[in-house]
file run.cif (mmCIF, C-alpha atoms and all ligand atoms)
data_structure
#
loop_
_atom_site.label_atom_id
_atom_site.label_comp_id
_atom_site.auth_asym_id
_atom_site.auth_seq_id
_atom_site.Cartn_x
_atom_site.Cartn_y
_atom_site.Cartn_z
CA MET A 1123 13.14 4.31 17.26
CA THR A 1124 10.69 3.66 20.10
CA SER A 1125 7.32 2.12 19.45
CA PRO A 1126 4.20 3.79 20.81
CA ALA A 1127 2.54 0.42 20.88
CA ALA A 1128 3.38 -0.63 24.42
CA ALA A 1129 -0.06 0.49 25.58
CA PRO A 1130 -3.08 -0.91 23.73
CA HIS A 1131 -4.30 1.42 21.00
CA PRO A 1132 -7.68 2.92 21.99
CA ALA A 1133 -8.95 2.11 18.51
CA SER A 1134 -8.39 -1.58 19.28
CA LEU A 1135 -10.08 -1.25 22.66
CA ARG A 1136 -13.06 0.48 21.13
CA SER A 1137 -13.30 -2.08 18.41
CA ALA A 1138 -13.22 -4.94 20.92
CA SER A 1139 -16.00 -3.50 23.05
CA LEU A 1140 -18.21 -2.44 20.15
CA SER A 1141 -18.16 -5.55 17.99
CA PRO A 1142 -21.68 -6.93 17.66
CA ALA A 1143 -21.56 -10.71 17.67
CA GLY A 1144 -21.41 -12.28 14.25
CA ARG A 1145 -20.16 -9.20 12.37
CA GLY A 1146 -16.55 -8.54 12.12
CA THR A 1147 -13.68 -6.65 10.64
CA ALA A 1148 -10.91 -9.01 9.60
CA PRO A 1149 -8.34 -8.92 12.41
CA LEU A 1150 -5.52 -6.94 10.83
CA ASP A 1151 -4.57 -4.39 13.42
CA ARG A 1152 -0.99 -3.46 12.43
CA VAL A 1153 -0.95 -0.10 14.21
CA ALA A 1154 2.01 -1.19 16.36
CA ASP A 1155 4.17 -1.22 13.21
CA PHE A 1156 3.62 2.53 12.69
CA PRO A 1157 5.57 4.82 15.04
CA ALA A 1158 3.99 8.00 13.63
CA ILE A 1159 0.47 6.94 14.64
CA PRO A 1160 0.10 7.96 18.28
CA SER A 1161 -2.31 6.24 20.56
CA GLY A 1162 -5.85 7.57 20.14
CA TRP A 1163 -5.34 9.14 16.70
CA SER A 1164 -7.48 7.75 13.87
CA TYR A 1165 -5.61 8.25 10.63
CA LEU A 1166 -8.17 7.93 7.82
CA ASP A 1167 -6.23 9.61 4.98
CA THR A 1168 -4.30 6.71 3.50
CA ALA A 1169 -5.60 7.46 0.01
CA ALA A 1170 -3.62 10.73 0.19
CA THR A 1171 -0.54 9.05 1.61
CA ALA A 1172 0.04 6.01 3.79
CA GLN A 1173 1.87 6.11 7.12
CA LYS A 1174 5.20 4.27 7.15
CA PRO A 1175 5.85 0.99 8.97
CA LYS A 1176 9.06 0.39 10.91
CA PRO A 1177 10.62 -1.93 8.31
CA VAL A 1178 10.38 0.84 5.70
CA ILE A 1179 11.73 3.51 8.07
CA GLU A 1180 14.59 1.21 9.07
CA ALA A 1181 15.44 0.39 5.45
CA ILE A 1182 15.61 4.12 4.66
CA GLU A 1183 17.71 4.80 7.74
CA ARG A 1184 20.12 1.96 6.83
CA GLY A 1185 20.22 3.28 3.26
CA TYR A 1186 21.57 6.63 4.46
CA ALA A 1187 23.37 5.65 7.68
CA GLU A 1188 25.13 2.45 6.61
CA THR A 1189 25.08 1.62 2.91
CA TYR A 1190 24.75 4.95 1.10
CA ALA A 1191 26.52 5.52 -2.23
CA THR A 1192 25.52 6.37 -5.76
CA VAL A 1193 24.50 3.65 -8.22
CA HIS A 1194 25.56 2.47 -11.68
CA ARG A 1195 28.71 4.62 -11.79
CA GLY A 1196 30.97 3.97 -8.84
CA VAL A 1197 34.03 1.76 -9.30
CA TYR A 1198 34.28 1.08 -5.56
CA GLN A 1199 32.72 -1.75 -3.55
CA ARG A 1200 30.07 0.34 -1.73
CA SER A 1201 28.63 1.68 -4.96
CA ALA A 1202 28.61 -1.77 -6.51
CA GLU A 1203 26.66 -3.09 -3.52
CA MET A 1204 24.21 -0.19 -3.62
CA THR A 1205 23.70 -0.84 -7.33
CA LEU A 1206 22.86 -4.46 -6.56
CA ALA A 1207 20.34 -3.36 -3.90
CA PHE A 1208 18.86 -0.77 -6.28
CA GLU A 1209 18.41 -3.33 -9.06
CA ALA A 1210 17.07 -5.90 -6.57
CA SER A 1211 14.26 -3.44 -5.84
CA ARG A 1212 13.48 -3.26 -9.56
CA GLU A 1213 13.25 -7.05 -9.66
CA ARG A 1214 11.05 -7.02 -6.55
CA ALA A 1215 8.71 -4.45 -8.12
CA ALA A 1216 8.53 -6.52 -11.31
CA ARG A 1217 7.48 -9.63 -9.36
CA PHE A 1218 5.05 -7.56 -7.28
CA ILE A 1219 2.97 -6.54 -10.29
CA GLY A 1220 3.59 -9.54 -12.54
CA ALA A 1221 5.93 -7.86 -15.06
CA ARG A 1222 7.77 -10.19 -17.42
CA SER A 1223 11.16 -8.67 -16.62
CA PRO A 1224 12.76 -5.95 -14.46
CA GLU A 1225 13.58 -4.05 -17.68
CA GLU A 1226 9.87 -3.23 -17.88
CA ILE A 1227 10.08 -1.29 -14.59
CA VAL A 1228 10.98 2.41 -14.90
CA PHE A 1229 11.64 4.30 -11.67
CA VAL A 1230 9.84 7.64 -11.68
CA ARG A 1231 8.98 10.21 -8.99
CA GLY A 1232 5.44 8.88 -8.73
CA ALA A 1233 2.28 8.17 -10.69
CA THR A 1234 2.11 11.77 -11.89
CA GLU A 1235 5.55 11.56 -13.45
CA GLY A 1236 4.83 8.11 -14.90
CA ILE A 1237 1.75 9.36 -16.75
CA ASN A 1238 3.57 12.49 -17.94
CA LEU A 1239 6.35 10.26 -19.25
CA VAL A 1240 3.94 8.15 -21.31
CA ALA A 1241 1.94 11.16 -22.50
CA GLN A 1242 5.08 13.01 -23.62
CA SER A 1243 7.21 10.15 -24.93
CA TRP A 1244 4.66 7.69 -26.34
CA GLY A 1245 2.11 10.44 -27.02
CA GLY A 1246 4.64 12.69 -28.75
CA ALA A 1247 5.77 9.87 -31.02
CA ASN A 1248 2.38 8.36 -31.79
CA LEU A 1249 -0.46 10.88 -31.53
CA ARG A 1250 -1.47 12.75 -34.68
CA PRO A 1251 -4.15 15.36 -35.45
CA GLY A 1252 -7.51 13.59 -35.44
CA ASP A 1253 -6.39 10.88 -33.01
CA ARG A 1254 -8.37 10.50 -29.81
CA ILE A 1255 -7.53 9.79 -26.17
CA LEU A 1256 -10.16 8.21 -23.91
CA LEU A 1257 -10.32 9.12 -20.19
CA SER A 1258 -13.15 8.90 -17.64
CA THR A 1259 -15.10 11.37 -15.52
CA LEU A 1260 -13.54 10.10 -12.29
CA GLU A 1261 -9.86 10.55 -13.15
CA HIS A 1262 -7.36 12.26 -10.86
CA HIS A 1263 -5.93 15.44 -12.39
CA SER A 1264 -2.69 13.45 -12.87
CA ASN A 1265 -4.50 11.35 -15.43
CA ILE A 1266 -6.15 14.32 -17.17
CA VAL A 1267 -3.71 17.21 -17.43
CA PRO A 1268 -0.76 15.28 -18.97
CA TRP A 1269 -3.12 14.14 -21.74
CA GLN A 1270 -4.39 17.67 -22.28
CA LEU A 1271 -0.80 18.83 -22.69
CA ALA A 1272 -0.13 15.97 -25.12
CA ALA A 1273 -3.34 16.71 -27.02
CA ASP A 1274 -2.41 20.40 -27.32
CA ARG A 1275 0.99 19.48 -28.73
CA THR A 1276 -0.14 16.80 -31.16
CA GLY A 1277 -3.61 17.88 -32.31
CA ALA A 1278 -5.26 14.83 -30.71
CA ALA A 1279 -8.58 15.19 -28.87
CA ILE A 1280 -9.91 13.83 -25.57
CA ASP A 1281 -13.17 11.95 -24.98
CA VAL A 1282 -14.57 11.20 -21.53
CA VAL A 1283 -16.34 7.99 -20.52
CA PRO A 1284 -19.27 8.76 -18.18
CA LEU A 1285 -20.08 6.98 -14.91
CA THR A 1286 -22.84 4.53 -14.07
CA PRO A 1287 -25.48 5.66 -11.54
CA ASP A 1288 -23.51 3.88 -8.79
CA HIS A 1289 -20.33 5.76 -9.77
CA ARG A 1290 -18.29 3.24 -11.70
CA ILE A 1291 -16.66 3.89 -15.06
CA ASP A 1292 -19.42 2.92 -17.50
CA LEU A 1293 -17.81 0.26 -19.67
CA ASP A 1294 -20.95 -0.19 -21.78
CA ALA A 1295 -20.68 3.49 -22.66
CA MET A 1296 -16.96 3.04 -23.29
CA ALA A 1297 -17.70 0.16 -25.70
CA ALA A 1298 -20.09 2.42 -27.60
CA MET A 1299 -17.64 5.35 -27.66
CA LEU A 1300 -14.47 3.60 -28.84
CA THR A 1301 -13.52 4.10 -32.47
CA GLY A 1302 -10.51 3.26 -34.64
CA ARG A 1303 -9.23 6.81 -33.95
CA HIS A 1304 -8.74 6.11 -30.24
CA ARG A 1305 -5.04 5.44 -29.70
CA ILE A 1306 -4.96 5.19 -25.91
CA VAL A 1307 -7.39 4.69 -23.03
CA ALA A 1308 -6.17 5.87 -19.61
CA LEU A 1309 -8.24 4.94 -16.56
CA ALA A 1310 -7.97 4.69 -12.79
CA HIS A 1311 -7.85 1.09 -11.56
CA VAL A 1312 -9.43 2.34 -8.31
CA SER A 1313 -10.94 5.82 -7.91
CA ASN A 1314 -9.21 7.94 -5.26
CA VAL A 1315 -12.53 9.62 -4.40
CA LEU A 1316 -15.14 6.88 -4.78
CA GLY A 1317 -13.14 3.70 -4.32
CA SER A 1318 -14.84 2.29 -7.43
CA VAL A 1319 -12.88 -0.67 -8.78
CA LEU A 1320 -12.55 -0.88 -12.54
CA ASP A 1321 -13.27 -4.15 -14.34
CA VAL A 1322 -9.76 -4.06 -15.76
CA ASP A 1323 -10.10 -7.27 -17.79
CA ARG A 1324 -13.07 -5.89 -19.67
CA ALA A 1325 -11.46 -2.47 -20.07
CA ALA A 1326 -8.35 -4.09 -21.60
CA GLY A 1327 -10.47 -6.21 -23.94
CA LEU A 1328 -12.47 -3.20 -25.11
CA ALA A 1329 -9.43 -0.98 -25.64
CA HIS A 1330 -7.53 -3.63 -27.56
CA ALA A 1331 -10.53 -4.59 -29.70
CA ALA A 1332 -10.55 -0.96 -30.89
CA GLY A 1333 -6.78 -1.02 -31.50
CA ALA A 1334 -6.04 1.29 -28.55
CA LEU A 1335 -3.54 0.88 -25.70
CA LEU A 1336 -4.66 0.78 -22.06
CA LEU A 1337 -2.84 2.72 -19.34
CA LEU A 1338 -4.00 2.02 -15.78
CA ASP A 1339 -3.45 4.44 -12.92
CA GLY A 1340 -2.86 1.96 -10.10
CA CYS A 1341 -2.16 4.46 -7.29
CA GLN A 1342 -5.13 3.37 -5.20
CA ALA A 1343 -5.12 -0.27 -6.33
CA VAL A 1344 -1.64 -1.55 -5.43
CA PRO A 1345 -1.98 -0.77 -1.68
CA ARG A 1346 -5.25 -2.68 -1.40
CA MET A 1347 -5.47 -5.57 -3.88
CA PRO A 1348 -3.20 -7.99 -5.78
CA VAL A 1349 -2.25 -6.64 -9.21
CA ASP A 1350 -0.93 -8.72 -12.11
CA VAL A 1351 -0.30 -6.65 -15.23
CA ALA A 1352 0.32 -9.70 -17.43
CA ARG A 1353 -3.00 -11.24 -16.43
CA ILE A 1354 -4.87 -7.94 -16.90
CA GLY A 1355 -3.28 -7.48 -20.31
CA CYS A 1356 -2.84 -3.71 -20.01
CA ASP A 1357 -0.02 -1.81 -21.70
CA PHE A 1358 1.14 0.69 -19.07
CA TYR A 1359 0.63 0.70 -15.29
CA VAL A 1360 1.71 3.43 -12.85
CA PHE A 1361 1.75 3.81 -9.09
CA SER A 1362 3.38 5.86 -6.31
CA ALA A 1363 5.32 4.22 -3.47
CA HIS A 1364 4.06 6.64 -0.82
CA LYS A 1365 0.52 5.28 -1.04
CA LEU A 1366 1.94 1.75 -0.62
CA TYR A 1367 3.51 2.48 2.81
CA GLY A 1368 6.78 3.44 1.06
CA PRO A 1369 8.66 6.76 0.72
CA THR A 1370 7.58 9.82 -1.23
CA GLY A 1371 9.40 10.80 -4.40
CA ILE A 1372 9.52 7.35 -5.95
CA GLY A 1373 7.08 5.36 -8.06
CA ILE A 1374 6.84 2.92 -10.90
CA LEU A 1375 5.96 3.10 -14.54
CA TRP A 1376 5.53 -0.39 -15.94
CA GLY A 1377 5.31 -0.68 -19.72
CA ARG A 1378 5.28 -3.67 -22.06
CA SER A 1379 8.90 -4.09 -23.15
CA GLU A 1380 8.24 -3.70 -26.87
CA LEU A 1381 6.36 -0.45 -26.19
CA LEU A 1382 9.10 0.97 -23.97
CA ALA A 1383 11.70 -0.05 -26.55
CA SER A 1384 9.82 1.91 -29.23
CA MET A 1385 9.57 5.11 -27.16
CA PRO A 1386 11.99 8.05 -27.40
CA PRO A 1387 13.63 9.58 -24.29
CA TRP A 1388 11.57 12.25 -22.56
CA GLN A 1389 14.31 13.81 -20.43
CA GLY A 1390 17.99 14.00 -21.25
CA GLY A 1391 21.04 13.88 -19.01
CA GLY A 1392 23.41 11.49 -17.34
CA ALA A 1393 22.67 7.79 -16.88
CA MET A 1394 20.41 7.49 -19.95
CA ILE A 1395 23.01 7.78 -22.72
CA ASP A 1396 25.10 5.32 -24.67
CA ARG A 1397 27.45 7.86 -26.29
CA VAL A 1398 27.39 11.66 -26.42
CA THR A 1399 29.03 13.84 -29.04
CA PHE A 1400 27.97 17.31 -30.12
CA GLU A 1401 27.01 15.84 -33.48
CA LYS A 1402 24.89 12.94 -32.25
CA THR A 1403 23.88 11.25 -29.00
CA THR A 1404 22.70 7.66 -28.69
CA TYR A 1405 20.66 6.32 -25.80
CA LEU A 1406 20.61 3.28 -23.58
CA PRO A 1407 17.74 0.82 -23.88
CA PRO A 1408 14.85 0.98 -21.35
CA PRO A 1409 14.55 1.35 -18.46
CA ALA A 1410 17.78 3.44 -18.27
CA ARG A 1411 16.65 5.48 -21.31
CA PHE A 1412 13.88 6.96 -19.14
CA GLU A 1413 15.90 7.47 -15.96
CA ALA A 1414 18.01 10.57 -16.61
CA GLY A 1415 20.07 11.89 -13.71
CA THR A 1416 21.00 10.54 -10.30
CA PRO A 1417 18.01 8.51 -9.12
CA HIS A 1418 16.25 8.54 -5.74
CA VAL A 1419 18.53 5.72 -4.54
CA VAL A 1420 17.24 5.38 -1.00
CA GLY A 1421 13.64 5.86 -2.15
CA VAL A 1422 14.08 2.79 -4.32
CA ILE A 1423 15.43 0.86 -1.31
CA GLY A 1424 12.42 2.00 0.74
CA LEU A 1425 10.05 0.88 -2.00
CA HIS A 1426 11.54 -2.62 -1.79
CA ALA A 1427 10.86 -2.71 1.95
CA ALA A 1428 7.30 -1.46 1.41
CA ILE A 1429 6.55 -4.19 -1.11
CA ASP A 1430 7.97 -6.79 1.29
CA TYR A 1431 5.82 -5.33 4.06
CA VAL A 1432 2.48 -5.53 2.23
CA GLU A 1433 3.27 -8.93 0.76
CA THR A 1434 4.12 -10.31 4.20
CA ILE A 1435 0.65 -9.29 5.36
CA GLY A 1436 -0.87 -10.40 2.05
CA LEU A 1437 -2.80 -8.25 -0.42
CA ASP A 1438 -5.81 -10.56 -0.19
CA ALA A 1439 -5.89 -10.10 3.58
CA ILE A 1440 -5.55 -6.31 3.17
CA ALA A 1441 -8.37 -6.26 0.61
CA ALA A 1442 -10.66 -8.28 2.92
CA HIS A 1443 -9.79 -6.06 5.90
CA GLU A 1444 -10.45 -2.81 4.06
CA SER A 1445 -13.65 -4.00 2.45
CA ALA A 1446 -14.99 -4.97 5.90
CA LEU A 1447 -14.10 -1.47 7.18
CA VAL A 1448 -15.77 0.13 4.17
CA ARG A 1449 -18.90 -1.96 4.71
CA GLU A 1450 -19.08 -0.99 8.37
CA THR A 1451 -18.45 2.69 7.59
CA ARG A 1452 -21.09 2.82 4.88
CA GLU A 1453 -23.62 1.06 7.13
CA ALA A 1454 -22.90 3.39 10.03
CA LEU A 1455 -22.96 6.57 7.93
CA SER A 1456 -26.14 5.63 6.09
CA SER A 1457 -27.90 5.31 9.44
CA LEU A 1458 -27.03 8.96 10.22
CA ASN A 1459 -29.58 11.46 8.95
CA SER A 1460 -28.51 13.86 6.22
CA VAL A 1461 -25.40 11.96 5.16
CA ARG A 1462 -24.95 11.50 1.41
CA LEU A 1463 -22.67 8.63 0.44
CA PHE A 1464 -20.81 8.56 -2.86
CA GLY A 1465 -19.39 5.59 -4.72
CA PRO A 1466 -20.51 1.98 -5.03
CA GLU A 1467 -21.34 -0.29 -2.08
CA ASP A 1468 -18.26 -2.42 -2.71
CA SER A 1469 -15.78 0.44 -2.97
CA ALA A 1470 -12.17 -0.43 -2.14
CA GLY A 1471 -10.83 1.13 1.05
CA ILE A 1472 -12.32 4.60 0.41
CA VAL A 1473 -15.61 6.22 1.47
CA SER A 1474 -16.55 9.72 0.30
CA PHE A 1475 -19.51 11.47 1.85
CA ALA A 1476 -21.22 14.81 2.43
CA LEU A 1477 -23.24 16.06 5.38
CA GLU A 1478 -26.15 18.24 4.40
CA GLY A 1479 -25.58 21.89 5.28
CA VAL A 1480 -21.97 21.41 6.44
CA HIS A 1481 -18.94 22.20 4.31
CA PRO A 1482 -16.53 19.23 4.10
CA HIS A 1483 -13.73 21.46 5.41
CA ASP A 1484 -15.78 22.09 8.58
CA ILE A 1485 -16.34 18.35 8.91
CA GLY A 1486 -12.59 17.78 8.61
CA THR A 1487 -11.73 20.51 11.13
CA ILE A 1488 -14.21 19.31 13.75
CA LEU A 1489 -13.18 15.68 13.27
CA ASP A 1490 -9.57 16.76 13.76
CA GLU A 1491 -10.54 18.10 17.21
CA SER A 1492 -11.79 14.56 17.92
CA ARG A 1493 -8.42 13.19 16.71
CA VAL A 1494 -9.82 11.79 13.49
CA ALA A 1495 -7.87 12.75 10.34
CA ILE A 1496 -9.86 12.66 7.11
CA ARG A 1497 -9.42 14.49 3.79
CA ALA A 1498 -11.83 17.20 2.67
CA GLY A 1499 -11.70 18.88 -0.70
CA HIS A 1500 -11.89 18.13 -4.39
CA HIS A 1501 -9.26 15.38 -4.12
CA CYS A 1502 -7.60 16.52 -7.37
CA ALA A 1503 -10.73 15.43 -9.23
CA GLN A 1504 -12.61 18.62 -10.10
CA PRO A 1505 -14.42 17.14 -13.12
CA LEU A 1506 -15.74 14.38 -10.84
CA MET A 1507 -16.88 16.99 -8.27
CA ALA A 1508 -18.77 18.78 -11.06
CA HIS A 1509 -20.41 15.49 -12.03
CA LEU A 1510 -21.43 14.84 -8.39
CA GLY A 1511 -22.74 18.40 -8.14
CA VAL A 1512 -20.53 19.34 -5.18
CA GLU A 1513 -17.51 21.56 -4.61
CA ALA A 1514 -15.89 19.03 -2.33
CA THR A 1515 -16.47 15.84 -0.37
CA ALA A 1516 -15.26 14.46 2.93
CA ARG A 1517 -13.27 11.27 2.46
CA ALA A 1518 -12.27 8.52 4.88
CA SER A 1519 -9.73 6.06 3.54
CA PHE A 1520 -8.30 3.03 5.27
CA GLY A 1521 -5.02 1.20 5.67
CA VAL A 1522 -3.62 -1.80 7.50
CA TYR A 1523 -3.41 0.19 10.77
CA ASN A 1524 -7.13 0.93 10.96
CA GLY A 1525 -9.71 -1.04 12.88
CA ARG A 1526 -13.34 -0.88 13.84
CA GLY A 1527 -12.43 1.61 16.57
CA ASP A 1528 -11.46 4.12 13.90
CA VAL A 1529 -14.85 3.71 12.24
CA GLU A 1530 -16.47 4.28 15.61
CA ALA A 1531 -14.36 7.38 16.22
CA LEU A 1532 -15.41 8.71 12.80
CA VAL A 1533 -19.10 8.14 13.54
CA GLU A 1534 -18.85 9.71 17.02
CA GLY A 1535 -17.03 12.67 15.48
CA LEU A 1536 -19.72 13.11 12.84
CA GLU A 1537 -22.41 13.06 15.50
CA ARG A 1538 -20.53 15.90 17.18
CA VAL A 1539 -20.41 17.78 13.85
CA ARG A 1540 -24.17 17.43 13.57
CA ARG A 1541 -24.70 18.66 17.13
CA ILE A 1542 -22.50 21.70 16.46
CA PHE A 1543 -24.34 22.52 13.24
CA GLY A 1544 -27.73 21.85 14.80
C1 LIG A 1601 -5.74 7.78 -8.40
C2 LIG A 1601 -4.53 8.66 -8.28
N1 LIG A 1601 -3.80 8.93 -9.35
C3 LIG A 1601 -2.71 9.69 -9.31
C4 LIG A 1601 -2.31 10.25 -8.13
C5 LIG A 1601 -1.07 11.10 -8.12
O1 LIG A 1601 -0.10 10.51 -7.32
P1 LIG A 1601 1.26 11.29 -6.99
O2 LIG A 1601 0.87 12.63 -6.49
O3 LIG A 1601 1.90 10.43 -5.94
O4 LIG A 1601 2.05 11.33 -8.25
C6 LIG A 1601 -3.05 10.04 -6.97
C7 LIG A 1601 -2.69 10.68 -5.69
O5 LIG A 1601 -3.52 11.16 -4.96
C8 LIG A 1601 -4.18 9.19 -7.03
O6 LIG A 1601 -4.90 8.92 -5.95
#
call {"tool": "encode", "arguments": {"input": "run.cif", "output": "C-alpha cells", "more": "lines below"}}
Ligand SMILES: Cc1ncc(COP(=O)(O)O)c(C=O)c1O
result
Amino acid sequence: MTSPAAAPHPASLRSASLSPAGRGTAPLDRVADFPAIPSGWSYLDTAATAQKPKPVIEAIERGYAETYATVHRGVYQRSAEMTLAFEASRERAARFIGARSPEEIVFVRGATEGINLVAQSWGGANLRPGDRILLSTLEHHSNIVPWQLAADRTGAAIDVVPLTPDHRIDLDAMAAMLTGRHRIVALAHVSNVLGSVLDVDRAAGLAHAAGALLLLDGCQAVPRMPVDVARIGCDFYVFSAHKLYGPTGIGILWGRSELLASMPPWQGGGAMIDRVTFEKTTYLPPPARFEAGTPHVVGVIGLHAAIDYVETIGLDAIAAHESALVRETREALSSLNSVRLFGPEDSAGIVSFALEGVHPHDIGTILDESRVAIRAGHHCAQPLMAHLGVEATARASFGVYNGRGDVEALVEGLERVRRIFG
C-alpha cells in the first residue's frame, strides 16, 4: 500500500503558518499513517467512524492473506494459531479497559449489539413490571431503543435525566430522581453530539447507592481518553472498534464476571453450547455463552492492532491533542457572527454548531466543496435535538490525524457558507 504522505499535508502547512505564538495544538499530526486521507482533505467526522491507520489495515490484510482460518474448532495448526491470535485480542481488550479477566470481554458487532445484548439478556431476566430504567436526554438511539424494547417486554418504565444548561447530564437531577425501583442506569460516557464528558465516578456512586447497575456507552470515550472500568466501578461498558481506528462489525461488551455468569444466552447457535439434545441444551460459560456463530475473526485481529495503535500514541496525548483542537475550534467559531455552539467548553473531541438561517445539510454540502468533511443531521439523537430546539446540527469531530490546519479549513469553509447565504 503506498502512502500519500510523501508530500507535506496542506493541513500541516496551514497549521504551521497560522499558529499564533504562545498558543498551540499538541503536536500529534499522524496523518501520514492514514492512506485513505488524501492530501488537502480535512476529515472531521471521526465521531461517526475513524479512518484506519496502516498497522490496522496491514493486520487485516495479513489476517485474510496469510493467517486466515476459523477459530475454536479446527484441529489443524492454522486454526489453532488463529485461535491464539483471537484470544490474544480478547486479553488485549481486557487490559485496554482495565477488566479483571479476558472472560469479561464479549465480542459483539458493536456498541449497538452490546447494549441490545444487555437489555435482552440481563433485562429479560431481571426487569419486572414497576421496575424503572434511567437514561439521559443526550443518549444515542442505540442507548434508548434497546431499553424501550426491553421495557415493552417486561413492563418496566423509562425515566430520563435532564441536562444542565451547559449540556452535561445533570447528576444532581439524577440523584434526586433515583429510587429503589431503578434497576439500571445507562448513560453515554461521552456524548456523540455535544462531546460532554460524564463524571463517571459520581454516576457509578449514585447508581449503586440506589441499588441500580450502571451501563456506560463508551463509543466516544475509548478513542479519546484512558478508560479503566475497575476504577470507575461501572457494571457494563460497551464500545465499537470502528470509532477506535479499528474495523467495522466488531466491538466489545465488558461486564462484571458475576453479572455475565448470571445472564442467560440471548442468541443460540454454534460455539455457545456445552451439549445439545432435543430434550435439553446446556451452555458454555461467558464469554462464549454470548458469542453464538462463527465470529468476525479478522475484525477481532484488527481490533487488537487498533488498540496497539492508540496505546502507542498514548490516550493522554490524544486527549490533550483533541481538547486543544476543540478549544481552538470553539474560539474560532464563537468569533463568527450567527454561529450557535452546543455542548460544554471542555467537550471531548466533538463540536456541534448551527449557523443561523442555514440548514446543517447545506453547511455540510458547501464545506464538502472546500474538501472539509463534517457530519450534519440528528446524529441518531432525536430526543437531544428536540431538547436543543433544532432538527439537526453540524458537527466537527477530531482524531489523531487532525491538526490546526483542519480547524482553519473549517473556519474558511464556514466563511464561504456565510458569503453564499448572504
Ligand atoms: C455514543 C454512541 N453510542 C452508540 C453508537 C452506536 O455505535 P455502532 O453503530 O457502532 O453500534 C454510536 C455511534 O455513532 C455512538 O456515537
call {"tool": "closest_residue", "arguments": {"input": "run.cif", "among": "A:Tyr1431, A:Pro1466, A:Glu1450, A:Glu1478", "to": "Gly1527 in chain A", "atoms": "all atoms listed in the file"}}
result
A:Glu1450
call {"tool": "residues_near_ligand", "arguments": {"input": "run.cif", "ligand": "ligand LIG 1601 (chain A)", "cutoff": "6 Å", "atoms": "only C-alpha atoms and all ligand atoms", "output": "PyMOL selection string"}}
result
chain A and resi 1170+1232-1234+1262+1264+1310+1313-1314+1339+1341-1342+1362
call {"tool": "write_last_selection", "arguments": {"input": "run.cif", "atoms": "C-alpha atoms", "output": "PDB file, in the frame of the given file"}}
result
ATOM      1  CA  ALA A1170      -3.620  10.730   0.190  1.00  0.00           C
ATOM      2  CA  GLY A1232       5.440   8.880  -8.730  1.00  0.00           C
ATOM      3  CA  ALA A1233       2.280   8.170 -10.690  1.00  0.00           C
ATOM      4  CA  THR A1234       2.110  11.770 -11.890  1.00  0.00           C
ATOM      5  CA  HIS A1262      -7.360  12.260 -10.860  1.00  0.00           C
ATOM      6  CA  SER A1264      -2.690  13.450 -12.870  1.00  0.00           C
ATOM      7  CA  ALA A1310      -7.970   4.690 -12.790  1.00  0.00           C
ATOM      8  CA  SER A1313     -10.940   5.820  -7.910  1.00  0.00           C
ATOM      9  CA  ASN A1314      -9.210   7.940  -5.260  1.00  0.00           C
ATOM     10  CA  ASP A1339      -3.450   4.440 -12.920  1.00  0.00           C
ATOM     11  CA  CYS A1341      -2.160   4.460  -7.290  1.00  0.00           C
ATOM     12  CA  GLN A1342      -5.130   3.370  -5.200  1.00  0.00           C
ATOM     13  CA  SER A1362       3.380   5.860  -6.310  1.00  0.00           C
TER      14      SER A1362
END
call {"tool": "closest_residue", "arguments": {"input": "run.cif", "among": "A:Leu1506, A:Val1473, A:Leu1536, A:Val1512", "to": "Asp1167 in chain A", "atoms": "all atoms listed in the file"}}
result
A:Val1473
call {"tool": "atom_distance", "arguments": {"input": "run.cif", "atom1": "CA of Phe1412 in chain A", "atom2": "CA of Trp1388 in chain A"}}
result
6.7 Å
call {"tool": "residues_around", "arguments": {"input": "run.cif", "residues": "Asn1238 in chain A", "least_positions_apart": "6", "cutoff": "12 Å", "atoms": "all atoms listed in the file", "output": "list in words"}}
result
Val1230, Arg1231, Gly1232, Trp1244, Gly1245, Gly1246, His1263, Ser1264, Asn1265, Ile1266, Val1267, Pro1268, Trp1269, Gln1270, Leu1271, Ala1272, Ala1308, Leu1337, Asp1339, Val1360, Leu1375, Trp1388, Gln1389 and Phe1412 of chain A
